[in-house]
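Structure data follow from model.tsv (TSV, C-alpha atoms and all ligand atoms):
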chain	number	residue	atom	x	y	z
A	1	MET	CA	-12.89	-21.84	38.96
A	2	SER	CA	-15.78	-20.66	41.05
A	3	GLY	CA	-14.23	-17.22	41.42
A	4	GLU	CA	-14.16	-16.49	37.71
A	5	GLN	CA	-16.45	-13.95	36.23
A	6	ASP	CA	-18.81	-15.10	33.54
A	7	SER	CA	-17.84	-12.43	31.06
A	8	GLY	CA	-15.86	-15.00	29.06
A	9	PRO	CA	-12.30	-14.95	27.90
A	10	VAL	CA	-10.90	-11.93	26.15
A	11	PRO	CA	-8.01	-12.01	23.69
A	12	GLY	CA	-5.62	-11.40	26.53
A	13	PRO	CA	-2.78	-8.99	27.17
A	14	GLY	CA	-0.07	-8.02	24.79
A	15	PRO	CA	0.10	-8.35	21.04
A	16	VAL	CA	-2.68	-10.67	20.01
A	17	ALA	CA	-2.47	-10.59	16.25
A	18	GLY	CA	1.06	-9.84	15.30
A	19	SER	CA	0.60	-10.71	11.68
A	20	VAL	CA	-1.67	-12.45	9.25
A	21	SER	CA	-0.34	-15.68	10.71
A	22	GLY	CA	-1.21	-14.61	14.25
A	23	PRO	CA	-2.76	-16.82	16.88
A	24	ALA	CA	-6.33	-18.02	16.90
A	25	THR	CA	-8.76	-16.50	19.37
A	26	GLY	CA	-9.22	-19.81	21.11
A	27	PRO	CA	-12.53	-21.07	22.38
A	28	GLY	CA	-15.21	-18.92	23.86
A	29	PRO	CA	-16.70	-15.56	23.07
A	30	VAL	CA	-15.15	-12.13	23.37
A	31	THR	CA	-16.83	-9.21	25.08
A	32	GLY	CA	-16.85	-5.61	23.97
A	33	GLN	CA	-18.38	-2.20	24.37
A	34	CYS	CA	-18.63	1.26	22.87
A	35	HIS	CA	-16.63	4.13	24.33
A	36	CYS	CA	-19.18	5.23	26.92
A	37	GLY	CA	-19.94	1.64	27.87
A	38	GLY	CA	-23.63	2.06	27.20
A	39	VAL	CA	-23.57	-0.55	24.45
A	40	ARG	CA	-22.12	-3.93	25.40
A	41	PHE	CA	-21.91	-7.17	23.49
A	42	THR	CA	-20.56	-10.67	23.44
A	43	ALA	CA	-19.36	-12.17	20.18
A	44	GLN	CA	-18.19	-15.52	18.99
A	45	LEU	CA	-15.75	-14.54	16.28
A	46	ALA	CA	-15.98	-16.48	13.03
A	47	GLY	CA	-12.22	-16.86	12.82
A	48	PRO	CA	-8.91	-15.95	14.40
A	49	LEU	CA	-7.87	-12.38	15.14
A	50	SER	CA	-5.54	-12.64	12.18
A	51	ASP	CA	-8.66	-12.50	9.96
A	52	ALA	CA	-8.94	-8.79	10.75
A	53	ILE	CA	-9.15	-6.44	7.78
A	54	ARG	CA	-9.68	-2.85	6.87
A	55	CYS	CA	-11.86	-1.79	3.98
A	56	THR	CA	-11.75	1.12	1.55
A	57	CYS	CA	-15.50	1.60	1.12
A	58	SER	CA	-16.84	5.10	1.65
A	59	ALA	CA	-17.96	4.38	5.22
A	60	CYS	CA	-15.05	2.22	6.37
A	61	ARG	CA	-12.39	4.55	5.07
A	62	MET	CA	-13.96	7.42	6.98
A	63	ARG	CA	-14.25	5.65	10.30
A	64	GLY	CA	-10.95	3.82	9.93
A	65	ALA	CA	-11.88	0.76	11.94
A	66	VAL	CA	-10.10	-2.56	11.93
A	67	ILE	CA	-12.88	-5.13	11.62
A	68	LEU	CA	-13.37	-8.74	12.66
A	69	PHE	CA	-16.27	-11.02	11.76
A	70	ALA	CA	-18.94	-12.99	13.55
A	71	ASP	CA	-21.96	-14.87	12.28
A	72	THR	CA	-25.09	-12.84	12.98
A	73	ALA	CA	-26.18	-15.48	15.48
A	74	GLY	CA	-22.79	-15.12	17.15
A	75	LEU	CA	-23.27	-11.54	18.28
A	76	THR	CA	-25.44	-10.65	21.26
A	77	ILE	CA	-26.07	-7.09	22.38
A	78	THR	CA	-26.08	-7.48	26.17
A	79	ALA	CA	-26.74	-3.82	27.03
A	80	GLY	CA	-27.69	-0.60	25.32
A	81	ASP	CA	-29.78	-1.91	22.46
A	82	ASP	CA	-31.81	1.28	22.78
A	83	LEU	CA	-28.65	3.37	22.32
A	84	LEU	CA	-27.70	1.75	19.03
A	85	THR	CA	-28.55	3.74	15.94
A	86	GLU	CA	-28.70	2.18	12.51
A	87	TYR	CA	-27.27	3.85	9.44
A	88	ARG	CA	-27.67	2.70	5.85
A	89	PHE	CA	-26.48	4.10	2.56
A	90	ASN	CA	-26.10	3.20	-1.13
A	91	THR	CA	-27.96	-0.09	-1.67
A	92	GLY	CA	-29.11	-0.07	1.96
A	93	THR	CA	-28.10	-3.70	2.36
A	94	ALA	CA	-25.41	-3.19	4.97
A	95	ARG	CA	-26.72	-2.06	8.34
A	96	HIS	CA	-24.21	0.04	10.24
A	97	TYR	CA	-24.61	0.54	13.96
A	98	PHE	CA	-23.16	3.13	16.29
A	99	CYS	CA	-23.80	4.34	19.82
A	100	SER	CA	-26.01	7.40	19.80
A	101	ARG	CA	-24.41	8.63	23.03
A	102	CYS	CA	-20.66	8.40	22.33
A	103	GLY	CA	-20.79	8.06	18.55
A	104	VAL	CA	-18.58	4.99	18.35
A	105	TYR	CA	-19.19	2.52	15.53
A	106	THR	CA	-19.62	-0.92	17.04
A	107	HIS	CA	-20.58	-3.25	14.19
A	108	HIS	CA	-22.40	-3.65	10.91
A	109	GLN	CA	-24.25	-6.35	9.06
A	110	ARG	CA	-22.19	-6.96	5.96
A	111	ARG	CA	-23.35	-6.34	2.44
A	112	PHE	CA	-20.84	-8.86	1.11
A	113	ASP	CA	-22.17	-11.56	3.46
A	114	PRO	CA	-25.37	-10.59	5.32
A	115	SER	CA	-25.03	-13.76	7.42
A	116	GLN	CA	-22.14	-12.00	9.16
A	117	TYR	CA	-21.52	-8.93	11.24
A	118	ALA	CA	-18.30	-7.00	11.04
A	119	ILE	CA	-17.22	-5.88	14.50
A	120	ASN	CA	-15.06	-2.90	15.37
A	121	ALA	CA	-11.95	-4.61	16.75
A	122	ALA	CA	-11.24	-1.57	18.91
A	123	CYS	CA	-14.50	-2.17	20.79
A	124	ILE	CA	-13.44	-5.66	21.86
A	125	ASP	CA	-12.23	-5.74	25.45
A	126	GLY	CA	-8.47	-6.04	25.69
A	127	LEU	CA	-7.93	-5.39	21.99
A	128	SER	CA	-6.59	-2.32	20.23
A	129	PRO	CA	-6.00	-1.48	16.58
A	130	PHE	CA	-2.35	-1.19	17.54
A	131	ASP	CA	-2.21	-4.85	18.48
A	132	PHE	CA	-2.29	-5.68	14.78
A	133	ALA	CA	1.12	-5.43	13.19
A	134	GLU	CA	-0.34	-5.96	9.74
A	135	VAL	CA	-3.89	-5.62	8.51
A	136	PRO	CA	-4.90	-6.51	4.95
A	137	VAL	CA	-6.92	-3.81	3.21
A	138	VAL	CA	-9.78	-4.96	0.98
A	139	ASP	CA	-11.16	-3.03	-1.95
A	140	GLY	CA	-14.59	-2.02	-0.71
A	141	GLN	CA	-14.57	0.85	-3.19
A	142	ARG	CA	-14.82	-1.70	-5.95
A	143	HIS	CA	-17.27	-4.03	-4.29
A	144	PRO	CA	-17.55	-7.53	-5.82
A	145	LEU	CA	-21.35	-7.29	-5.78
A	146	ASP	CA	-21.08	-4.28	-8.11
A	147	HIS	CA	-18.45	-5.87	-10.31
A	148	GLY	CA	-19.47	-9.36	-11.32
A	149	GLY	CA	-19.03	-11.21	-8.04
A	150	GLY	CA	-16.07	-13.07	-6.67
A	151	ASP	CA	-14.22	-12.47	-3.45
A	152	LEU	CA	-13.21	-9.19	-1.90
A	153	ARG	CA	-9.80	-8.25	-3.23
A	154	VAL	CA	-6.87	-7.38	-1.04
A	155	ILE	CA	-5.23	-4.24	-2.37
A	156	GLY	CA	-2.74	-3.44	0.35
A	157	THR	CA	-1.50	-3.86	3.89
A	158	LEU	CA	-1.56	-1.41	6.76
A	159	ARG	CA	1.32	-1.79	9.20
A	160	TYR	CA	1.75	-0.60	12.73
A	161	VAL	CA	5.39	-0.29	13.70
A	162	PRO	CA	5.84	0.42	17.39
A	163	THR	CA	8.83	2.39	18.56
A	164	ASP	CA	10.33	2.53	22.01
A	165	GLU	CA	12.16	5.76	21.40
A	166	GLY	CA	9.40	7.89	22.88
A	167	LEU	CA	10.41	11.01	20.97
A	168	GLY	CA	8.36	14.15	21.37
A	169	LEU	CA	6.04	14.60	18.42
A	170	ARG	CA	7.82	17.73	17.20
A	171	GLN	CA	11.19	16.03	17.50
A	172	HIS	CA	9.83	13.02	15.65
A	173	ARG	CA	8.61	15.24	12.79
A	174	ASP	CA	11.89	17.12	12.62
A	175	ARG	CA	13.80	13.89	12.48
A	176	ARG	CA	11.65	12.53	9.66
A	177	ALA	CA	12.00	15.80	7.76
A	178	GLY	CA	15.76	15.40	8.00
A	179	ASP	CA	15.80	11.95	6.43
B	1	ZN	ZN	-21.52	4.73	23.69

As structure tokens, how would this structure be written, given the file I've shared?
Ligand SMILES: [Zn+2]
Amino acid sequence: MSGEQDSGPVPGPGPVAGSVSGPATGPGPVTGQCHCGGVRFTAQLAGPLSDAIRCTCSACRMRGAVILFADTAGLTITAGDDLLTEYRFNTGTARHYFCSRCGVYTHHQRRFDPSQYAINAACIDGLSPFDFAEVPVVDGQRHPLDHGGGDLRVIGTLRYVPTDEGLGLRQHRDRRAGD
């Protein structure tokens, strides 16, 4: 269609990754941005949205991001390269990036697989952490590269359970306390 914008398809409305058996992303890249919009990117994800994980490493557990993966060649910063700040710690292998203006973590080059970036799923246009009903949690605290190799180990699952009750927060707490 000649009227379409060239920003590429986004995951689309509604729940996009209801479970670990959720739908594939389909062809084409996704677009994303930090909170202030200064940093923008396009990414060709390495797998379906159902590949999303969370990680218990000291950085990931603090920022709490759901992450998706792209080959390093599959991520292009389309705006705000000058706003991105790099942060490294421990072995210094992983390169973590965040927007120096709004502070939002956008992506990092993985220690486990430096040929890939992890991307903050919440930065992807049309996608929210609350679109993932279940997210496997991997044991970044006990990183395979520090413990004889092998794959990252899944040690749990985070679930998001939506409710349509719309209770006030105080009422919700009182009700839980009464259980
Ligand atoms: Zn920003």

inquiry  = Counting all atoms listed in the file, which residue out of A:Ala43, A:Arg142, A:Arg110, A:Asn120 sits closest to Phe98 of chain A?
reply    =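 Result for the nearest residue to Phe98 of chain A: A:Asn120.
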
task = Name the residues, by chain letter and number, that sit within 9 Å of ligand ZN 1 (chain B) using only C-alpha atoms and all ligand atoms, and give them as a ChimeraX atom specification.
result = /A:33-40,80,83-84,98-106

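Going from atom CA of Phe112 of chain A to atom CA of Arg95 of chain A covers 11.5 Å.
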
Do you know which residues are at most 12 Å from Pro114 of chain A counting only C-alpha atoms, after dropping those on the same chain fewer than 4 positions away, and could you put them as a PDB file with C-alpha atoms, in the coordinates of the input?
ATOM      1  CA  PHE A  69     -16.270 -11.020  11.760  1.00  0.00           C
ATOM      2  CA  ALA A  70     -18.940 -12.990  13.550  1.00  0.00           C
ATOM      3  CA  ASP A  71     -21.960 -14.870  12.280  1.00  0.00           C
ATOM      4  CA  THR A  72     -25.090 -12.840  12.980  1.00  0.00           C
ATOM      5  CA  ALA A  73     -26.180 -15.480  15.480  1.00  0.00           C
ATOM      6  CA  GLY A  92     -29.110  -0.070   1.960  1.00  0.00           C
ATOM      7  CA  THR A  93     -28.100  -3.700   2.360  1.00  0.00           C
ATOM      8  CA  ALA A  94     -25.410  -3.190   4.970  1.00  0.00           C
ATOM      9  CA  ARG A  95     -26.720  -2.060   8.340  1.00  0.00           C
ATOM     10  CA  HIS A  96     -24.210   0.040  10.240  1.00  0.00           C
ATOM     11  CA  HIS A 108     -22.400  -3.650  10.910  1.00  0.00           C
ATOM     12  CA  GLN A 109     -24.250  -6.350   9.060  1.00  0.00           C
ATOM     13  CA  ARG A 110     -22.190  -6.960   5.960  1.00  0.00           C
ATOM     14  CA  ALA A 118     -18.300  -7.000  11.040  1.00  0.00           C
TER      15      ALA A 118
END

ask   = Pick the closest to Pro29 of chain A from A:Asp125, A:Glu86, A:Asp51, A:Asp113: which is it, counting all atoms listed in the file?
value = A:Asp125

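For the pair atom CA of Gln141 of chain A and atom CA of Phe89 of chain A, the separation is 13.6 Å.
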
task = Fewer than 2 positions away in the same chain doesn't count, so skip those; otherwise give me all residues within 7 Å of Thr78 of chain A, counting only C-alpha atoms, as a PyMOL selection string.
result = chain A and resi 40-42+76

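Restricting the calculation to all atoms listed in the file, the smallest distance between Arg88 of chain A and any of A:Gly74, A:Ala59, A:Gly32, A:Gly64 is found for A:Ala59.
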
task = Pick out the residues sitting within 9 Å of Gly156 of chain A, and hand them over as a list in words; count all atoms listed in the file, and ignore anything fewer than 5 positions along from it in its own chain.
result = Val135, Pro136, Val137, Val138 and Asp139 of chain A

message = Rounded to one decimal, what separation in Å do you get between atom CA of Arg176 of chain A and atom CA of Leu158 of chain A?
response =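 Pair atom CA of Arg176 of chain A / atom CA of Leu158 of chain A returns 19.4 Å.
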
ask   = Which of these, A:Asp82, A:His172, A:Asp179, A:Tyr160, has the shortest distance to Ser128 of chain A once you count only C-alpha atoms?
value = A:Tyr160

message = I'd like to know which of A:Leu75, A:Leu152, A:Cys55, A:Ala65 is closest to Pro129 of chain A, using only C-alpha atoms.
response = A:Ala65
